[in-house]
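Asker: Following this line is data_10.pdb, made up of PDB, C-alpha atoms, pLDDT in the B column:
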ATOM      1  CA  MET H   1       4.917  51.581  28.116  1.00 32.00           C
ATOM      2  CA  ALA H   2       5.075  47.838  27.461  1.00 34.00           C
ATOM      3  CA  THR H   3       4.849  48.424  23.700  1.00 34.00           C
ATOM      4  CA  ASP H   4       7.939  50.600  23.699  1.00 35.00           C
ATOM      5  CA  LYS H   5       9.785  48.039  25.799  1.00 40.00           C
ATOM      6  CA  ALA H   6       8.819  45.215  23.467  1.00 45.00           C
ATOM      7  CA  VAL H   7      10.280  46.911  20.398  1.00 46.00           C
ATOM      8  CA  ALA H   8      13.548  47.925  22.038  1.00 58.00           C
ATOM      9  CA  ALA H   9      16.652  46.364  20.516  1.00 79.00           C
ATOM     10  CA  ASP H  10      18.469  43.598  22.394  1.00 92.00           C
ATOM     11  CA  LYS H  11      22.226  44.171  22.600  1.00 93.00           C
ATOM     12  CA  TYR H  12      23.040  40.457  22.517  1.00 96.00           C
ATOM     13  CA  ARG H  13      20.684  39.236  19.771  1.00 94.00           C
ATOM     14  CA  SER H  14      20.181  40.168  16.125  1.00 88.00           C
ATOM     15  CA  PHE H  15      17.072  39.733  13.968  1.00 81.00           C
ATOM     16  CA  LEU H  16      14.583  40.534  16.720  1.00 72.00           C
ATOM     17  CA  HIS H  17      13.347  43.531  14.748  1.00 69.00           C
ATOM     18  CA  GLU H  18      13.765  44.046  11.008  1.00 68.00           C
ATOM     19  CA  GLU H  19      11.910  46.724   9.128  1.00 59.00           C
ATOM     20  CA  GLY H  20       9.577  45.430   6.475  1.00 55.00           C
ATOM     21  CA  GLN H  21       9.782  41.804   7.680  1.00 74.00           C
ATOM     22  CA  ASN H  22       6.634  39.867   8.517  1.00 84.00           C
ATOM     23  CA  PHE H  23       7.995  37.225  10.878  1.00 89.00           C
ATOM     24  CA  GLU H  24       5.620  34.722  12.435  1.00 92.00           C
ATOM     25  CA  TRP H  25       6.294  34.746  16.182  1.00 94.00           C
ATOM     26  CA  ARG H  26       5.264  31.868  18.433  1.00 93.00           C
ATOM     27  CA  HIS H  27       3.727  34.184  21.047  1.00 91.00           C
ATOM     28  CA  GLY H  28       2.526  36.984  18.801  1.00 91.00           C
ATOM     29  CA  GLY H  29       5.586  39.212  18.928  1.00 89.00           C
ATOM     30  CA  PRO H  30       9.340  39.385  19.628  1.00 91.00           C
ATOM     31  CA  PRO H  31      10.418  38.133  23.076  1.00 93.00           C
ATOM     32  CA  ILE H  32      11.844  40.349  25.816  1.00 93.00           C
ATOM     33  CA  TYR H  33      15.120  39.234  27.391  1.00 96.00           C
ATOM     34  CA  ASP H  34      15.525  41.717  30.272  1.00 96.00           C
ATOM     35  CA  SER H  35      15.404  39.084  33.031  1.00 97.00           C
ATOM     36  CA  VAL H  36      17.856  36.585  31.565  1.00 97.00           C
ATOM     37  CA  ASN H  37      20.144  39.404  30.383  1.00 97.00           C
ATOM     38  CA  LYS H  38      20.408  40.475  34.025  1.00 98.00           C
ATOM     39  CA  VAL H  39      21.280  36.901  35.091  1.00 98.00           C
ATOM     40  CA  PHE H  40      23.862  36.811  32.293  1.00 98.00           C
ATOM     41  CA  GLU H  41      25.481  40.145  33.154  1.00 98.00           C
ATOM     42  CA  GLU H  42      25.640  39.412  36.871  1.00 98.00           C
ATOM     43  CA  GLY H  43      26.895  35.837  36.512  1.00 98.00           C
ATOM     44  CA  ARG H  44      29.141  35.716  33.440  1.00 98.00           C
ATOM     45  CA  THR H  45      32.772  34.781  33.942  1.00 98.00           C
ATOM     46  CA  LYS H  46      33.974  36.504  30.764  1.00 97.00           C
ATOM     47  CA  GLU H  47      33.225  39.938  29.358  1.00 98.00           C
ATOM     48  CA  TRP H  48      34.487  39.890  25.787  1.00 98.00           C
ATOM     49  CA  PRO H  49      35.677  43.056  23.987  1.00 98.00           C
ATOM     50  CA  LYS H  50      33.158  44.479  21.550  1.00 97.00           C
ATOM     51  CA  GLY H  51      33.772  43.119  18.061  1.00 96.00           C
ATOM     52  CA  SER H  52      35.996  40.270  19.261  1.00 97.00           C
ATOM     53  CA  LEU H  53      35.562  36.788  17.783  1.00 97.00           C
ATOM     54  CA  GLU H  54      34.314  35.560  21.156  1.00 98.00           C
ATOM     55  CA  GLU H  55      31.609  38.228  21.310  1.00 98.00           C
ATOM     56  CA  VAL H  56      30.565  37.575  17.700  1.00 96.00           C
ATOM     57  CA  VAL H  57      30.218  33.832  18.372  1.00 97.00           C
ATOM     58  CA  GLN H  58      28.388  34.392  21.668  1.00 97.00           C
ATOM     59  CA  ASN H  59      25.853  36.770  20.129  1.00 97.00           C
ATOM     60  CA  ALA H  60      25.399  34.570  17.057  1.00 96.00           C
ATOM     61  CA  VAL H  61      24.430  31.587  19.222  1.00 97.00           C
ATOM     62  CA  LYS H  62      22.114  33.748  21.352  1.00 97.00           C
ATOM     63  CA  SER H  63      20.417  34.966  18.161  1.00 96.00           C
ATOM     64  CA  TRP H  64      20.062  31.400  16.854  1.00 96.00           C
ATOM     65  CA  GLU H  65      18.491  30.244  20.132  1.00 96.00           C
ATOM     66  CA  MET H  66      16.086  33.197  20.004  1.00 95.00           C
ATOM     67  CA  GLU H  67      14.926  32.225  16.524  1.00 96.00           C
ATOM     68  CA  LEU H  68      14.628  28.546  17.430  1.00 95.00           C
ATOM     69  CA  SER H  69      12.492  29.285  20.497  1.00 95.00           C
ATOM     70  CA  HIS H  70      10.332  32.090  19.137  1.00 95.00           C
ATOM     71  CA  LYS H  71       9.992  31.927  15.345  1.00 95.00           C
ATOM     72  CA  THR H  72       7.627  29.325  13.928  1.00 96.00           C
ATOM     73  CA  ARG H  73       8.718  29.232  10.266  1.00 95.00           C
ATOM     74  CA  ILE H  74      12.158  28.037   9.219  1.00 96.00           C
ATOM     75  CA  GLN H  75      12.132  30.486   6.292  1.00 94.00           C
ATOM     76  CA  ASP H  76      12.132  33.359   8.813  1.00 94.00           C
ATOM     77  CA  PHE H  77      15.455  32.246  10.306  1.00 95.00           C
ATOM     78  CA  ARG H  78      18.449  34.495   9.584  1.00 94.00           C
ATOM     79  CA  THR H  79      21.051  32.636  11.665  1.00 96.00           C
ATOM     80  CA  ILE H  80      21.118  29.312   9.780  1.00 96.00           C
ATOM     81  CA  ASN H  81      21.219  28.009   6.228  1.00 96.00           C
ATOM     82  CA  PRO H  82      17.878  26.118   6.214  1.00 94.00           C
ATOM     83  CA  GLU H  83      18.838  23.886   3.278  1.00 93.00           C
ATOM     84  CA  LYS H  84      22.052  22.637   4.873  1.00 96.00           C
ATOM     85  CA  PHE H  85      21.488  22.974   8.622  1.00 97.00           C
ATOM     86  CA  LYS H  86      22.110  19.921  10.808  1.00 98.00           C
ATOM     87  CA  LEU H  87      22.228  19.726  14.624  1.00 98.00           C
ATOM     88  CA  ILE H  88      24.196  16.825  16.126  1.00 97.00           C
ATOM     89  CA  VAL H  89      24.147  16.332  19.909  1.00 97.00           C
ATOM     90  CA  ASN H  90      26.678  14.039  21.603  1.00 96.00           C
ATOM     91  CA  GLY H  91      27.320  12.172  18.358  1.00 95.00           C
ATOM     92  CA  LYS H  92      23.714  11.115  17.766  1.00 93.00           C
ATOM     93  CA  GLU H  93      21.951  11.279  14.396  1.00 92.00           C
ATOM     94  CA  GLY H  94      21.721  14.829  13.095  1.00 95.00           C
ATOM     95  CA  LEU H  95      18.484  16.839  13.072  1.00 97.00           C
ATOM     96  CA  SER H  96      17.488  19.092  10.173  1.00 97.00           C
ATOM     97  CA  GLY H  97      16.368  22.671  10.725  1.00 96.00           C
ATOM     98  CA  GLU H  98      12.697  21.686  10.452  1.00 97.00           C
ATOM     99  CA  GLU H  99      13.157  18.761  12.856  1.00 97.00           C
ATOM    100  CA  THR H 100      14.956  20.955  15.379  1.00 96.00           C
ATOM    101  CA  LEU H 101      12.267  23.616  15.132  1.00 96.00           C
ATOM    102  CA  LYS H 102       9.496  21.055  15.676  1.00 95.00           C
ATOM    103  CA  LEU H 103      11.176  19.509  18.732  1.00 95.00           C
ATOM    104  CA  GLY H 104      12.398  22.739  20.342  1.00 94.00           C
ATOM    105  CA  SER H 105      15.785  23.404  21.925  1.00 93.00           C
ATOM    106  CA  TYR H 106      15.240  21.363  25.097  1.00 94.00           C
ATOM    107  CA  ASN H 107      14.007  18.214  23.384  1.00 95.00           C
ATOM    108  CA  ALA H 108      16.656  18.457  20.653  1.00 95.00           C
ATOM    109  CA  LEU H 109      19.444  18.739  23.235  1.00 94.00           C
ATOM    110  CA  LEU H 110      18.050  16.183  25.680  1.00 93.00           C
ATOM    111  CA  LYS H 111      17.068  13.306  23.384  1.00 88.00           C
ATOM    112  CA  SER H 112      18.602  10.128  24.772  1.00 82.00           C
ATOM    113  CA  SER H 113      19.067   6.539  23.639  1.00 77.00           C
ATOM    114  CA  MET H 114      19.474   5.273  27.216  1.00 76.00           C
ATOM    115  CA  PRO H 115      17.105   2.564  28.526  1.00 76.00           C
ATOM    116  CA  GLU H 116      13.824   3.998  29.820  1.00 79.00           C
ATOM    117  CA  GLU H 117      14.600   3.312  33.479  1.00 75.00           C
ATOM    118  CA  PHE H 118      17.793   5.390  33.297  1.00 69.00           C
ATOM    119  CA  LYS H 119      16.426   8.447  31.536  1.00 78.00           C
ATOM    120  CA  TYR H 120      16.413  11.671  33.565  1.00 81.00           C
ATOM    121  CA  TYR H 121      14.111  13.296  31.012  1.00 88.00           C
ATOM    122  CA  LYS H 122      12.005  11.630  28.300  1.00 90.00           C
ATOM    123  CA  ALA H 123      12.167  13.971  25.327  1.00 91.00           C
ATOM    124  CA  GLU H 124      10.022  11.668  23.203  1.00 91.00           C
ATOM    125  CA  GLU H 125       7.111  12.204  25.613  1.00 93.00           C
ATOM    126  CA  GLU H 126       7.400  15.995  25.596  1.00 94.00           C
ATOM    127  CA  SER H 127       6.047  18.549  23.129  1.00 95.00           C
ATOM    128  CA  PHE H 128       7.732  21.830  22.285  1.00 95.00           C
ATOM    129  CA  GLU H 129       5.368  23.599  24.688  1.00 95.00           C
ATOM    130  CA  SER H 130       5.557  21.116  27.591  1.00 96.00           C
ATOM    131  CA  SER H 131       9.363  21.070  27.511  1.00 95.00           C
ATOM    132  CA  HIS H 132       9.557  24.860  27.643  1.00 95.00           C
ATOM    133  CA  ASP H 133       6.959  24.982  30.425  1.00 96.00           C
ATOM    134  CA  ALA H 134       9.002  22.537  32.535  1.00 96.00           C
ATOM    135  CA  PHE H 135      12.242  24.500  32.314  1.00 97.00           C
ATOM    136  CA  ARG H 136      10.523  27.883  32.524  1.00 96.00           C
ATOM    137  CA  SER H 137       9.062  26.692  35.822  1.00 97.00           C
ATOM    138  CA  ALA H 138      12.480  25.583  37.113  1.00 97.00           C
ATOM    139  CA  PHE H 139      14.329  28.724  35.966  1.00 98.00           C
ATOM    140  CA  PRO H 140      11.825  31.599  36.214  1.00 98.00           C
ATOM    141  CA  ARG H 141      14.548  34.215  35.686  1.00 97.00           C
ATOM    142  CA  GLY H 142      15.990  32.393  32.668  1.00 97.00           C
ATOM    143  CA  PHE H 143      18.844  30.077  31.768  1.00 97.00           C
ATOM    144  CA  ALA H 144      21.863  32.179  30.797  1.00 98.00           C
ATOM    145  CA  TRP H 145      24.601  31.190  28.345  1.00 98.00           C
ATOM    146  CA  GLU H 146      28.140  32.407  27.683  1.00 98.00           C
ATOM    147  CA  VAL H 147      31.158  31.572  25.560  1.00 98.00           C
ATOM    148  CA  ILE H 148      34.129  30.544  27.700  1.00 98.00           C
ATOM    149  CA  SER H 149      36.740  30.106  24.934  1.00 98.00           C
ATOM    150  CA  VAL H 150      36.897  30.118  21.139  1.00 98.00           C
ATOM    151  CA  TYR H 151      39.500  27.757  19.708  1.00 98.00           C
ATOM    152  CA  SER H 152      39.067  28.390  15.973  1.00 97.00           C
ATOM    153  CA  GLY H 153      37.365  30.968  13.784  1.00 95.00           C
ATOM    154  CA  PRO H 154      35.206  30.708  10.646  1.00 96.00           C
ATOM    155  CA  PRO H 155      34.423  28.707   8.617  1.00 97.00           C
ATOM    156  CA  VAL H 156      34.630  26.042  11.370  1.00 98.00           C
ATOM    157  CA  VAL H 157      34.135  27.653  14.770  1.00 98.00           C
ATOM    158  CA  THR H 158      35.034  25.561  17.819  1.00 98.00           C
ATOM    159  CA  PHE H 159      34.169  26.885  21.258  1.00 98.00           C
ATOM    160  CA  LYS H 160      33.539  26.029  24.902  1.00 98.00           C
ATOM    161  CA  PHE H 161      30.370  27.292  26.597  1.00 98.00           C
ATOM    162  CA  ARG H 162      28.688  27.533  29.991  1.00 98.00           C
ATOM    163  CA  HIS H 163      24.929  27.403  30.725  1.00 98.00           C
ATOM    164  CA  TRP H 164      23.564  28.424  34.141  1.00 98.00           C
ATOM    165  CA  GLY H 165      20.478  29.516  36.024  1.00 98.00           C
ATOM    166  CA  TYR H 166      18.906  29.510  39.479  1.00 98.00           C
ATOM    167  CA  PHE H 167      16.627  26.602  40.373  1.00 98.00           C
ATOM    168  CA  GLU H 168      13.847  28.684  41.941  1.00 98.00           C
ATOM    169  CA  GLY H 169      10.719  26.815  40.823  1.00 97.00           C
ATOM    170  CA  PRO H 170       9.590  23.166  40.708  1.00 96.00           C
ATOM    171  CA  PHE H 171      10.867  20.829  38.001  1.00 96.00           C
ATOM    172  CA  LYS H 172       8.738  17.782  37.174  1.00 93.00           C
ATOM    173  CA  GLY H 173       7.673  17.393  40.807  1.00 92.00           C
ATOM    174  CA  HIS H 174      11.112  18.099  42.277  1.00 95.00           C
ATOM    175  CA  ALA H 175      11.296  20.941  44.787  1.00 96.00           C
ATOM    176  CA  PRO H 176      13.530  23.922  43.966  1.00 97.00           C
ATOM    177  CA  THR H 177      16.754  24.470  45.871  1.00 97.00           C
ATOM    178  CA  GLY H 178      17.364  28.128  44.993  1.00 97.00           C
ATOM    179  CA  GLU H 179      20.887  27.103  44.026  1.00 97.00           C
ATOM    180  CA  MET H 180      22.746  27.759  40.803  1.00 98.00           C
ATOM    181  CA  VAL H 181      22.550  24.902  38.308  1.00 98.00           C
ATOM    182  CA  GLN H 182      25.114  24.908  35.516  1.00 98.00           C
ATOM    183  CA  PHE H 183      26.863  22.789  32.943  1.00 97.00           C
ATOM    184  CA  TYR H 184      29.695  23.183  30.437  1.00 98.00           C
ATOM    185  CA  GLY H 185      29.995  21.931  26.897  1.00 98.00           C
ATOM    186  CA  LEU H 186      31.908  22.085  23.623  1.00 98.00           C
ATOM    187  CA  ALA H 187      30.524  22.935  20.193  1.00 98.00           C
ATOM    188  CA  VAL H 188      31.785  22.831  16.612  1.00 98.00           C
ATOM    189  CA  MET H 189      29.860  25.057  14.219  1.00 98.00           C
ATOM    190  CA  LYS H 190      30.406  25.199  10.461  1.00 98.00           C
ATOM    191  CA  VAL H 191      29.237  28.527   8.988  1.00 97.00           C
ATOM    192  CA  ASP H 192      28.858  29.925   5.486  1.00 96.00           C
ATOM    193  CA  GLU H 193      30.241  33.212   4.159  1.00 93.00           C
ATOM    194  CA  SER H 194      27.342  35.079   5.809  1.00 91.00           C
ATOM    195  CA  LEU H 195      28.112  33.388   9.155  1.00 91.00           C
ATOM    196  CA  ARG H 196      24.902  31.337   8.966  1.00 96.00           C
ATOM    197  CA  ALA H 197      25.212  27.974  10.703  1.00 97.00           C
ATOM    198  CA  GLU H 198      25.225  24.879   8.474  1.00 98.00           C
ATOM    199  CA  ASP H 199      26.400  22.130  10.840  1.00 97.00           C
ATOM    200  CA  VAL H 200      26.354  22.399  14.635  1.00 98.00           C
ATOM    201  CA  GLU H 201      27.817  19.663  16.834  1.00 98.00           C
ATOM    202  CA  VAL H 202      27.269  19.973  20.589  1.00 98.00           C
ATOM    203  CA  TYR H 203      28.950  17.817  23.230  1.00 98.00           C
ATOM    204  CA  TYR H 204      28.037  17.979  26.933  1.00 97.00           C
ATOM    205  CA  ASP H 205      27.032  15.786  29.884  1.00 95.00           C
ATOM    206  CA  PRO H 206      23.288  16.068  30.681  1.00 94.00           C
ATOM    207  CA  ALA H 207      23.990  14.614  34.133  1.00 92.00           C
ATOM    208  CA  GLU H 208      25.603  17.949  35.072  1.00 95.00           C
ATOM    209  CA  LEU H 209      22.251  19.649  34.497  1.00 95.00           C
ATOM    210  CA  PHE H 210      20.029  17.028  36.124  1.00 94.00           C
ATOM    211  CA  ALA H 211      22.242  16.598  39.189  1.00 94.00           C
ATOM    212  CA  GLY H 212      21.056  20.039  40.285  1.00 96.00           C
ATOM    213  CA  LEU H 213      17.441  19.636  39.206  1.00 96.00           C
ATOM    214  CA  LEU H 214      16.822  16.246  40.836  1.00 94.00           C
ATOM    215  CA  LYS H 215      18.649  16.972  44.077  1.00 89.00           C
ATOM    216  CA  ARG H 216      15.482  17.131  46.174  1.00 83.00           C
ATOM    217  CA  SER H 217      12.799  14.465  46.382  1.00 73.00           C
ATOM    218  CA  ASP H 218       9.428  14.723  44.694  1.00 70.00           C
ATOM    219  CA  ILE H 219       6.931  17.210  46.036  1.00 63.00           C
ATOM    220  CA  SER H 220       3.187  16.575  46.211  1.00 54.00           C
ATOM    221  CA  ASP H 221       0.857  18.040  43.624  1.00 42.00           C
ATOM    222  CA  SER H 222      -0.663  20.267  46.278  1.00 37.00           C
ATOM    223  CA  ALA H 223       2.738  21.770  47.063  1.00 44.00           C
ATOM    224  CA  ASN H 224       3.657  22.178  43.430  1.00 42.00           C
ATOM    225  CA  ILE H 225       3.952  25.750  42.279  1.00 42.00           C
ATOM    226  CA  SER H 226       2.463  26.583  38.899  1.00 43.00           C
ATOM    227  CA  ALA H 227       4.807  27.585  36.121  1.00 42.00           C
ATOM    228  CA  PRO H 228       5.019  31.320  35.457  1.00 41.00           C
ATOM    229  CA  SER H 229       2.667  32.512  32.743  1.00 39.00           C
ATOM    230  CA  GLY H 230       5.203  34.635  30.882  1.00 40.00           C
ATOM    231  CA  HIS H 231       6.316  33.678  27.419  1.00 42.00           C
ATOM    232  CA  GLY H 232      10.068  34.021  27.950  1.00 44.00           C
ATOM    233  CA  CYS H 233      12.155  30.918  27.342  1.00 49.00           C
ATOM    234  CA  PRO H 234      14.609  30.047  30.113  1.00 43.00           C
ATOM    235  CA  PHE H 235      16.980  28.517  27.613  1.00 44.00           C
ATOM    236  CA  HIS H 236      17.386  32.104  26.408  1.00 50.00           C
ATOM    237  CA  ASN H 237      21.099  32.278  26.465  1.00 56.00           C
TER     238      ASN H 237
END
Let's see the structure in the file written out as structure tokens.
Answerer:
Amino acid sequence: MATDKAVAADKYRSFLHEEGQNFEWRHGGPPIYDSVNKVFEEGRTKEWPKGSLEEVVQNAVKSWEMELSHKTRIQDFRTINPEKFKLIVNGKEGLSGEETLKLGSYNALLKSSMPEEFKYYKAEEESFESSHDAFRSAFPRGFAWEVISVYSGPPVVTFKFRHWGYFEGPFKGHAPTGEMVQFYGLAVMKVDESLRAEDVEVYYDPAELFAGLLKRSDISDSANISAPSGHGCPFHN
């Protein structure tokens, strides 16, 4: 039954189900990650030993992304220290936990100070919902994420990551190619004694992502395929 499936534990993410907790979920209940987990397991380049630092970091980031995409109240987050949290992307001004939650993962990661005519994606014109709809359409099976290397452990964790998915649906009028789209990045994450994130700095080149998404010319509205109606977030890592 769907109910049983929905309450099943996810082996890569914590805090999806906690007894006695009354979390406020964006879509009425905890998300299901079966599709993107399959993309992850079939496409990962590393399979880290259980309990290793690399696996701990990988699952911690997956859990943080889950909370950011699906919980609506910052006080329900278990993966960050809400009072101290700051997200810094490519050296730009840091975002607080509340600011990051309001923008959503896509808009937080894709904000740009480039001139309008050179922007691949205009985060300031997108809402949380519209940004997720756009990438959910492009990556209907999800956008997987893995840790490639961990260079230092707590309290300051430095690691390299890879993000990938299959461009199988339209993106902002651009026709899908069916090809893998991926990018690599580096992150520095300061954590407290409970391994909750306080400062997260992410460095990557957005052009790596958009090179795959904008490869084909615009398609007409009549040829555009509607975004899937499911509530899963393709940035599910």
Asker: Closest to Ser194 of chain H among H:Lys102, H:Lys92, H:Arg216, H:Arg78, using all atoms listed in the file?
Answerer: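 With all atoms listed in the file as the atom set, the closest residue is H:Arg78.
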Asker: I need the output of the PyMOL selection byres ((chain H and resi 55-62) around 8) for this file as a PDB file with C-alpha atoms, keeping the file's coordinate frame; which residues are they?
Answerer:
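The resulting file, selection11.pdb, is shown below:
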ATOM      1  CA  TYR H  12      23.040  40.457  22.517  1.00 96.00           C
ATOM      2  CA  ARG H  13      20.684  39.236  19.771  1.00 94.00           C
ATOM      3  CA  SER H  14      20.181  40.168  16.125  1.00 88.00           C
ATOM      4  CA  TRP H  48      34.487  39.890  25.787  1.00 98.00           C
ATOM      5  CA  PRO H  49      35.677  43.056  23.987  1.00 98.00           C
ATOM      6  CA  LYS H  50      33.158  44.479  21.550  1.00 97.00           C
ATOM      7  CA  GLY H  51      33.772  43.119  18.061  1.00 96.00           C
ATOM      8  CA  SER H  52      35.996  40.270  19.261  1.00 97.00           C
ATOM      9  CA  LEU H  53      35.562  36.788  17.783  1.00 97.00           C
ATOM     10  CA  GLU H  54      34.314  35.560  21.156  1.00 98.00           C
ATOM     11  CA  SER H  63      20.417  34.966  18.161  1.00 96.00           C
ATOM     12  CA  TRP H  64      20.062  31.400  16.854  1.00 96.00           C
ATOM     13  CA  GLU H  65      18.491  30.244  20.132  1.00 96.00           C
ATOM     14  CA  MET H  66      16.086  33.197  20.004  1.00 95.00           C
ATOM     15  CA  THR H  79      21.051  32.636  11.665  1.00 96.00           C
ATOM     16  CA  TRP H 145      24.601  31.190  28.345  1.00 98.00           C
ATOM     17  CA  GLU H 146      28.140  32.407  27.683  1.00 98.00           C
ATOM     18  CA  VAL H 147      31.158  31.572  25.560  1.00 98.00           C
ATOM     19  CA  HIS H 236      17.386  32.104  26.408  1.00 50.00           C
ATOM     20  CA  ASN H 237      21.099  32.278  26.465  1.00 56.00           C
TER      21      ASN H 237
END
Asker: For Tyr33 of chain H, which of H:Ala9, H:Leu103, H:Met114, H:Ala207 is the closest residue, counting all atoms listed in the file?
Answerer: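 Going through H:Ala9, H:Leu103, H:Met114, H:Ala207 one by one, the smallest distance to Tyr33 of chain H is for H:Ala9.
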Asker: Excluding Val36 of chain H and residues on its chain fewer than 4 positions from it, collect all residues at most 7 Å away from it, counting all atoms listed in the file, and give them as a PyMOL selection string.
Answerer: chain H and resi 40+141-144+236
Asker: What gap, in Å, lies between atom CA of Leu95 of chain H and atom CA of Tyr151 of chain H?
Answerer: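 Between atom CA of Leu95 of chain H and atom CA of Tyr151 of chain H the gap is 24.6 Å.
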Asker: Any idea what the distance is between atom CA of Val202 of chain H and atom CA of Ser152 of chain H?
Answerer: 15.2 Å
Asker: Could all heavy atoms be built for segment 182-189 of chain H and written out as a tab-separated table (two decimals), in the frame of the given file?
Answerer:
chain	number	residue	atom	x	y	z
H	182	GLN	N	24.34	24.55	36.70
H	182	GLN	CA	25.11	24.91	35.52
H	182	GLN	C	25.73	23.67	34.89
H	182	GLN	O	25.88	22.64	35.51
H	182	GLN	CB	26.20	25.92	35.86
H	182	GLN	CG	27.29	25.39	36.79
H	182	GLN	CD	28.36	26.43	37.09
H	182	GLN	OE1	28.46	27.47	36.44
H	182	GLN	NE2	29.19	26.15	38.08
H	183	PHE	N	26.08	23.82	33.61
H	183	PHE	CA	26.86	22.79	32.94
H	183	PHE	C	27.72	23.44	31.87
H	183	PHE	O	27.46	24.57	31.44
H	183	PHE	CB	25.97	21.68	32.36
H	183	PHE	CG	25.09	22.08	31.21
H	183	PHE	CD1	25.55	22.00	29.90
H	183	PHE	CD2	23.80	22.51	31.44
H	183	PHE	CE1	24.73	22.36	28.83
H	183	PHE	CE2	22.97	22.87	30.38
H	183	PHE	CZ	23.44	22.79	29.07
H	184	TYR	N	28.77	22.72	31.46
H	184	TYR	CA	29.70	23.18	30.44
H	184	TYR	C	29.62	22.25	29.23
H	184	TYR	O	29.22	21.09	29.35
H	184	TYR	CB	31.12	23.20	30.97
H	184	TYR	CG	31.38	24.24	32.04
H	184	TYR	CD1	31.04	23.99	33.38
H	184	TYR	CD2	31.96	25.46	31.73
H	184	TYR	CE1	31.26	24.94	34.36
H	184	TYR	CE2	32.20	26.41	32.71
H	184	TYR	CZ	31.85	26.15	34.02
H	184	TYR	OH	32.07	27.11	34.99
H	185	GLY	N	30.00	22.76	28.08
H	185	GLY	CA	30.00	21.93	26.90
H	185	GLY	C	30.94	22.48	25.84
H	185	GLY	O	31.50	23.57	25.97
H	186	LEU	N	31.10	21.69	24.78
H	186	LEU	CA	31.91	22.08	23.62
H	186	LEU	C	31.02	22.05	22.39
H	186	LEU	O	30.10	21.23	22.29
H	186	LEU	CB	33.09	21.14	23.43
H	186	LEU	CG	34.17	21.15	24.50
H	186	LEU	CD1	35.15	20.00	24.26
H	186	LEU	CD2	34.93	22.48	24.48
H	187	ALA	N	31.29	22.92	21.43
H	187	ALA	CA	30.52	22.94	20.19
H	187	ALA	C	31.44	23.20	19.01
H	187	ALA	O	32.44	23.92	19.13
H	187	ALA	CB	29.42	23.99	20.25
H	188	VAL	N	31.09	22.60	17.88
H	188	VAL	CA	31.78	22.83	16.61
H	188	VAL	C	30.71	23.28	15.62
H	188	VAL	O	29.75	22.55	15.38
H	188	VAL	CB	32.48	21.55	16.09
H	188	VAL	CG1	33.21	21.85	14.78
H	188	VAL	CG2	33.44	21.01	17.14
H	189	MET	N	30.89	24.47	15.08
H	189	MET	CA	29.86	25.06	14.22
H	189	MET	C	30.47	25.46	12.87
H	189	MET	O	31.36	26.30	12.81
H	189	MET	CB	29.24	26.28	14.91
H	189	MET	CG	28.16	26.98	14.12
H	189	MET	SD	27.24	28.19	15.16
H	189	MET	CE	28.56	29.34	15.60
